[in-house]
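Data first, discussion second: the structure below is written as structure tokens.
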Amino acid sequence: MQEVLTDSAVSFAKTRSDATCTPLHIVYVIVKRFTDEFEDFQSPVEAIIMALGPEGDSINKPKITDESQKILATFSTKRIAINWAREQFPLLTKKANQSAAPVQQKNAPEKETAAVEKKSPSDAVVRSTEEIFASLDAMVGLTVVKSAVRQIVARQKAAEVMQSRGVETVFSKHLVFTGAPGTGKTTVARFVAELYASMNILPHFSFVEASRADLVGGYVGQTALKVKEVIDKARGGVLFIDEAYALMPRHDSDYGHEAIATLVQYMENYRNELVIILAGYADEMQALIDVNPGLRSRMTTFIDFPHYSPQELIAIFRSTLDTNKMSITDAAMQHVEDQLQIVATRSDFGNGRFVRSLWETSFTQLALRDFADGAFDDSELRMLDVADVDAAFKQLMRSLPAAAEPRRGIGFLRN
């Protein structure tokens with residue numbers, strides 16, 4: 001068996017540009033040689049091919065790395081080779097008529113998996129469904145978004161009722177949030193995670209945020225391991241990927257495709273214990289979804305987050321002042337309202353995030369003014385003045401480009 005797989009791996013390596021036989025080349029030949037041992041093997045094979053980079057028909061004699069030689073030396077039987085492949089590549093699962101579902105992966109102890117499976121839905125949920133909805137409703141604006149969340153949760157619970165009648169009605173739990181930065185996507189995603197857990201749609205409350213850097217590796221074989229590590233943390237709850245369009249491959253040797261393919265496979269393997277929410281600008285997110293047919297078939301519910309209106313931004317600013325037990329002069333508040341009316345027309349405007357920065361920078365200006373004599377006066381550190389908010393606006397505007405295009409349009413709920 002060792003000799004057969006060695007010859008196959010070397011021959012395959014010769015067809016790749018670097019003509020080097022790595023552990024991933026060995027995984028490929030095992031999967032191709034023993035396809036009957038793997039369920040839906042085509043997707044894993046495609047992911048491996050993408051991870052290996054471009055074809056090459058190298059004229060050089062293929063080299064076997066020391067690591068690969070050590071691995072091949074352990075393959076005394078077919079079964080050892082197959083089990084090794086499953087441990088190394090998380091997309092590979094046993095055939096349905098064999099013993100287990102997804103095979104426990106390397107460096108993920110059985111105790112940890114058991115803990116995820118046995119965890120009670122209420123273990124990590126500290127609020128009731130009514131409390132979570134109350135927090136969602138307390139957010140300024142987002143009327144259509146709040147309605148969409150209620151629709152989605154109601155649909156999932158209705159599907160459970162239908163199943164109890166013997167009617168198999170399945171709706172994807174995965175979501176796409178589209179909109180500009182600062183429109184509340186992360187906050188609402190967290191509420192969705194809580195609601196899914198409190199209503200037993202997911203095993204427990206878990207909310208894990210990830211970005212491209214957490215999911216895409218820089219060399220062969222690293223991406224699948226990075227994705228697996230993130231999935232292990234989120235399993236049982238929600239994985240939120242903001243600016244998810246960054247997963248789109250940037251060049252031929254980019255491993256973004258592998259990250260997407262791996263995420264899709266985990267969506268299938270853990271369909272009852274993992275929800276993935278992707279977020280970003282509408283056009284870019286649509287392009288991402290269209291990259292992978294498996295992603296397109298699973299991410300069917302879009303919730304679009306509109307820009308906050310100037311009146312909503314003003315309400316957010318006032319709410320922030322109340323939360324921090326601060327006051328503001330009438331003249332200063334009028335200045336805030338006037339400036340937000342102007343800046344809200346820019347396409348590069350940060351929405352709610354800008355307002356939070358406005359509060360923080362205004363308070364910093366107040367603190368500097370109060371500390372001018374070398375000591376803080378509690379009575380003075382309570383009210384913002386025109387000078388504070390004006391200096392804050394000037395500082396924040398310097399962080400924006402000199403000119404901005406008109407805003408792109410943003411729609412609403414699509415199914």
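Chains: A, B, ... in order of the structure tokens. Residues: from 1 per chain. Ligands: from 1, in order shown.
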Item to check | Picked from region 223-339 of chain A by DSSP as helix (DSSP H, G or I), as a ChimeraX atom specification | outcome: /A:223-234,244-247,256-269,282-291,293-298,310-323,330-339
Next on the checklist: To one decimal place in Å, what is the distance between CA of Met1 (chain A) and CA of Leu72 (chain A)?
Outcome noted: 9.1 Å
Item to check | d(CA of Val208 (chain A), CA of Leu239 (chain A)) in Å | outcome: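 Between these atoms lies a distance of 4.9 Å.
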Next on the checklist: as a list in words, please: every residue in region 114-356 of chain A that a backbone DSSP assignment puts in strand (DSSP E or B).
Outcome noted: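 So, restricting region 114-356 of chain A to strand (DSSP E or B), we get Leu175, Val176, Phe177, Thr178, Phe207, Val208, Glu209, Ala210, Val238, Leu239, Phe240, Ile241, Val275, Ile276, Ile277, Leu278, Ala279, Gly280, Thr301, Phe302, Ile303, Asp304, Ser327 and Ile328 of chain A.
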Item to check | Shell of 7 Å around region 187-202 of chain A, only C-alpha atoms, local chain residues under 2 positions omitted, as a PyMOL selection string | outcome: chain A and resi 121-122+125+128-129+132+136+184-185+204-207+236-238+272-273
Since we have the selection now, will you write its residues out, keeping C-alpha atoms, as a tab-separated table (two decimals), in the first residue's frame?
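Below you can see out.tsv, which holds the result:
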```tsv
chain	number	residue	atom	x	y	z
A	121	PRO	CA	-30.07	25.16	25.44
A	122	SER	CA	-30.37	27.25	28.59
A	125	VAL	CA	-28.73	31.88	27.68
A	128	SER	CA	-35.80	35.23	27.98
A	129	THR	CA	-37.11	35.58	24.43
A	132	ILE	CA	-34.19	39.78	23.83
A	136	LEU	CA	-33.94	44.57	19.76
A	184	GLY	CA	-26.24	47.71	13.44
A	185	LYS	CA	-25.45	44.40	11.69
A	204	HIS	CA	-27.02	26.96	23.05
A	205	PHE	CA	-26.00	30.61	22.91
A	206	SER	CA	-22.64	31.09	21.26
A	207	PHE	CA	-21.62	34.11	19.18
A	236	GLY	CA	-23.75	25.03	18.72
A	237	GLY	CA	-24.36	28.72	18.02
A	238	VAL	CA	-23.73	31.48	15.49
A	272	ASN	CA	-28.64	21.46	13.20
A	273	GLU	CA	-25.99	23.04	15.42
```
Checklist entry - What's the 8 Å shell around region 210-224 of chain A, counting only C-alpha atoms, without same-chain residues fewer than 3 positions away, as a list of chain:residue names? => result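 With the cut-off at 8 Å, the set is A:Leu24, A:Ala51, A:Leu52, A:Phe89, A:Pro90, A:Val227, A:Lys228, A:Val230, A:Leu239, A:Phe240, A:Ile241, A:Asp242, A:Glu243, A:Ala244, A:Ala246, A:Leu247, A:Asp254, A:Tyr255, A:Gly256, A:Glu258, A:Ala259, A:Thr262.
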Hey, can you spit out that residue selection with C-alpha atoms as a CSV table (one decimal), in the first residue's frame?
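Output (selection-v9.csv):
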```csv
chain,number,residue,atom,x,y,z
A,24,LEU,CA,-2.1,17.5,0.9
A,51,ALA,CA,-5.6,24.5,-2.0
A,52,LEU,CA,-2.8,23.0,-4.1
A,89,PHE,CA,-8.9,17.2,6.0
A,90,PRO,CA,-12.2,18.2,7.8
A,227,VAL,CA,-11.7,27.3,9.4
A,228,LYS,CA,-12.0,24.2,11.6
A,230,VAL,CA,-13.2,28.9,14.2
A,239,LEU,CA,-20.6,32.3,13.5
A,240,PHE,CA,-20.7,36.0,12.3
A,241,ILE,CA,-18.4,37.0,9.5
A,242,ASP,CA,-18.3,40.7,8.8
A,243,GLU,CA,-17.0,42.1,5.5
A,244,ALA,CA,-17.3,38.5,4.3
A,246,ALA,CA,-13.1,39.7,1.6
A,247,LEU,CA,-13.1,35.9,1.3
A,254,ASP,CA,-5.3,32.9,-3.0
A,255,TYR,CA,-6.9,30.3,-0.6
A,256,GLY,CA,-10.3,32.2,-0.2
A,258,GLU,CA,-10.9,26.8,0.0
A,259,ALA,CA,-12.2,28.8,3.0
A,262,THR,CA,-14.9,24.4,3.8
```
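As for CA of Leu340 (chain A) and CA of Lys146 (chain A), they are spaced 24.3 Å apart.
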Next on the checklist: Give me, as a ChimeraX atom specification, all polymer residues having an atom no more than 9 Å from region 363-367 of chain A, counting only C-alpha atoms and skipping those fewer than 4 positions away in the same chain.
Outcome noted: /A:358-359,371-372,376,380-385,387-389,391-392
Next on the checklist: Can you pull out the residues contacting Phe177 (chain A)? Cut-off 9 Å, using only C-alpha atoms, and skip same-chain residues under 4 positions away; I want them as a VMD selection string.
Outcome noted: chain A and resid 185 189 242 277 to 282 285 301 to 305
Next, dump the selected residues to file, keeping only C-alpha atoms, as an mmCIF file, in the first residue's frame.
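This is the output file selection-v6.cif:
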```
data_model
loop_
_atom_site.group_PDB
_atom_site.id
_atom_site.type_symbol
_atom_site.label_atom_id
_atom_site.label_comp_id
_atom_site.auth_asym_id
_atom_site.auth_seq_id
_atom_site.Cartn_x
_atom_site.Cartn_y
_atom_site.Cartn_z
ATOM 1 C CA LYS A 185 -25.446 44.404 11.695
ATOM 2 C CA ALA A 189 -26.573 39.254 14.650
ATOM 3 C CA ASP A 242 -18.325 40.710 8.844
ATOM 4 C CA ILE A 277 -24.325 34.977 9.246
ATOM 5 C CA LEU A 278 -22.375 36.769 6.508
ATOM 6 C CA ALA A 279 -22.324 40.574 6.415
ATOM 7 C CA GLY A 280 -21.113 43.332 4.121
ATOM 8 C CA TYR A 281 -22.071 45.749 1.333
ATOM 9 C CA ALA A 282 -24.987 44.494 -0.795
ATOM 10 C CA MET A 285 -22.093 40.150 -0.826
ATOM 11 C CA THR A 301 -32.371 34.955 3.254
ATOM 12 C CA PHE A 302 -31.024 38.507 2.952
ATOM 13 C CA ILE A 303 -31.752 41.282 5.440
ATOM 14 C CA ASP A 304 -30.754 44.726 4.217
ATOM 15 C CA PHE A 305 -29.778 47.372 6.785
#
```
Next on the checklist: With only C-alpha atoms as the counted atoms, please give the residues lying no more than 12 Å from Ser319 (chain A), apart from itself and same-chain residues fewer than 2 positions off, as an NGL selection string.
Outcome noted: :A and (138-140 or 312-317 or 321-327 or 352 or 355-356 or 359)
